[in-house]
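K.L.:
Encoded as structure tokens, here's the structure I'll be asking about.
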Amino acid sequence: MRRWLAAFAGGAALALVLSGCGAPAGIDRDLIDDWPAPVAAQQFVPAADVCHQTPQQVGFLTGYNPTACTESHLVETMHVGTLTGPSAQSGTPPQPGSVGLRAAQTACDTEVNKAVGADWRSGRLGLTVVLPSPQAWAGGARWYRCDVTEIASIDDTTVGARTGSLRGALSGAAPLAYRCFNPKLVKDDIDEMVPVSCTAKHHAEFVGVWQAPEVSYAEFTRTVKRTHRACQSMIAKFAKVPDNSQLDFRAGTIYYQPYEDEWKNGNRGVQCFLWISDRDLTRSMRNAGTKGLPVT
């Protein structure tokens, strides 16, 4: 259509010149320059600080229906980033375990931790990295979303509906933070960690998240003594007791490790708990010192 108009305009201008007629007022004899330039195509990028009714693993545009976080929702997008480097040059979105997905996971960990006020694994929170659909990726989309949810418990990752943002959820009073528990054991295995008030009788307390080293999942699961020892160091720091061989006689450890697929995607956070099996605790062991955690 535009080629046809340009040819027609050129012929009209030529006819005017040959007839010796001047251009009417307001006409510059160059009709083709009056067509506006086409608007550059804009690639869709999701918004941060919005919430969603439905969790997504893949960010299909057809399922994108953000809502205000003051409304009932299941998911909150806390950060939207951009993949760069070789991972962004691939013809398909980053696959599980890939460098690209691990980079997005690391960035989401950092941004979400800042937003909630602590390591997101230290409370009843879940984190999902959402990537564009293959179709959107083929069209140039290189974004990733950091989606956060409130989960039922450390043993149950069922997502619960909520109103209000999760920003600051693990700072201050932090109602979602892990604190004290009574472990339910079945044949020396932890079947469930039942949360209780730290002033009630309990036998375990969350002390922090240990960042495990960059090793294979097989090696990580083989070196259970290393994980136990790392959690002991976290207990020593939490309770303000010497980090030495006497820790074996002060408290045991319970820890929750990432699943293998989480590990492959870059989650190295191990949730560490101190465990007292032979007596009841009725206070937090934070800064309790050697009187709170004596050698027994």
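Labels for the structure tokens follow display order: chains A, B, ..., residues from 1 in each chain, ligands from 1.
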Assign secondary structure with DSSP using the backbone only, and return the residues of range 30-137 of chain A in helix (DSSP H, G or I) as a ChimeraX atom specification.

P.N.:
/A:31-34,61-63,86-89,99-116,120-122,134-137

K.L.:
Could you name the residues that touch range 234-245 of chain A at 7 Å or less, counting only C-alpha atoms, but leaving out those on the same chain fewer than 2 positions away, as a ChimeraX atom specification?

P.N.:
/A:207-208,230-232,247-248,274,285-290

K.L.:
Which residues come within 12 Å of Ser122 in chain A, counting only C-alpha atoms, excluding same-chain residues fewer than 6 positions away, as a compact mmCIF listing (two decimals) with C-alpha atoms, in the first residue's frame?

P.N.:
# COMPACT_ATOMS: atom_id res chain seq x y z
CA ASN A 113 15.98 -11.89 50.75
CA VAL A 116 11.43 -10.01 53.02
CA SER A 153 4.66 -25.31 57.02
CA ILE A 154 8.22 -26.47 56.60
CA ALA A 169 7.55 -10.68 56.29
CA LEU A 170 10.71 -11.99 57.98
CA SER A 171 11.72 -8.80 59.78
CA ALA A 174 7.94 -11.86 61.58
CA PRO A 175 4.90 -14.11 62.11
CA LEU A 176 6.05 -16.37 59.26
CA ALA A 177 9.55 -16.95 60.66
CA TYR A 178 10.59 -20.40 61.86
CA ARG A 179 11.23 -20.51 65.59
CA GLU A 205 14.69 -24.48 67.41
CA PHE A 206 15.55 -23.04 64.02
CA VAL A 207 19.01 -21.44 64.04
CA GLY A 208 19.64 -20.39 60.43
CA VAL A 209 20.34 -21.30 56.82
CA TRP A 210 23.69 -22.76 55.84
CA TYR A 256 16.27 -29.83 55.96
CA GLY A 269 20.20 -23.37 51.42
CA VAL A 270 20.17 -25.95 54.25
CA GLN A 271 17.77 -25.15 57.11
CA CYS A 272 19.47 -25.93 60.45
CA PHE A 273 17.84 -26.66 63.83

K.L.:
Mind checking DSSP for range 27-233 of chain A and telling me the strand (DSSP E or B) residues as an NGL selection string?

P.N.:
:A and (50-52 or 58-59 or 67 or 73 or 75-82 or 123 or 125-132 or 143-151 or 159 or 162 or 177 or 180-186 or 189-196 or 202 or 204-211)

K.L.:
Between A:Ser277, A:Gly168, A:Ala161, A:Val194, single out the one closest to Gly117 in chain A, counting only C-alpha atoms.

P.N.:
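For Gly117 in chain A, the nearest of the candidates is A:Gly168.
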
K.L.:
Which residues of range 157-198 of chain A sit at most 9 Å from range 69-89 of chain A, using only C-alpha atoms? Give each one's shortest atom pair and distance in Å (one decimal place), in chain and ascending residue order, as a Markdown table.

P.N.:
| residue | atom | partner | partner_atom | distance |
| --- | --- | --- | --- | --- |
| A:Val159 | CA | A:Leu74 | CA | 6.7 |
| A:Gly160 | CA | A:Leu74 | CA | 6.2 |
| A:Ala161 | CA | A:Leu74 | CA | 4.7 |
| A:Arg162 | CA | A:Ser72 | CA | 5.4 |
| A:Thr163 | CA | A:Ser72 | CA | 4.8 |
| A:Gly164 | CA | A:Thr70 | CA | 4.8 |
| A:Ser165 | CA | A:Cys69 | CA | 5.7 |
| A:Leu166 | CA | A:Glu76 | CA | 7.6 |
| A:Arg167 | CA | A:Met78 | CA | 8.1 |

K.L.:
Would you work out the distance separating CA of Ala118 in chain A from CA of Gln211 in chain A, expressed in Å to one decimal?

P.N.:
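Between CA of Ala118 in chain A and CA of Gln211 in chain A the gap is 13.7 Å.
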
K.L.:
As a PyMOL selection string, please: the residues near Val224 in chain A (cut-off 12 Å, only C-alpha atoms, same-chain neighbours under 3 positions excluded).

P.N.:
chain A and resi 212+217-221+227-231+253-257+270

K.L.:
Which residues are close to Gln43 in chain A, i.e. within 8 Å by only C-alpha atoms, leaving aside same-chain residues fewer than 3 positions away? Reply as a list in words.

P.N.:
Gly139, Gly140 and Ala141 of chain A

K.L.:
Could the residues in this selection be written to a file with N, CA and C atoms, as a PDB file, in the first residue's frame?

P.N.:
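The result, written out as part36.pdb:
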ATOM      1  N   GLY A 139      10.282 -14.812  20.484  1.00  0.00           N
ATOM      2  CA  GLY A 139       9.985 -13.441  20.094  1.00  0.00           C
ATOM      3  C   GLY A 139      10.894 -12.410  20.733  1.00  0.00           C
ATOM      4  N   GLY A 140      11.858 -12.851  21.542  1.00  0.00           N
ATOM      5  CA  GLY A 140      12.830 -11.928  22.125  1.00  0.00           C
ATOM      6  C   GLY A 140      12.734 -11.713  23.619  1.00  0.00           C
ATOM      7  N   ALA A 141      11.774 -12.342  24.297  1.00  0.00           N
ATOM      8  CA  ALA A 141      11.633 -12.151  25.751  1.00  0.00           C
ATOM      9  C   ALA A 141      12.815 -12.780  26.475  1.00  0.00           C
TER      10      ALA A 141
END
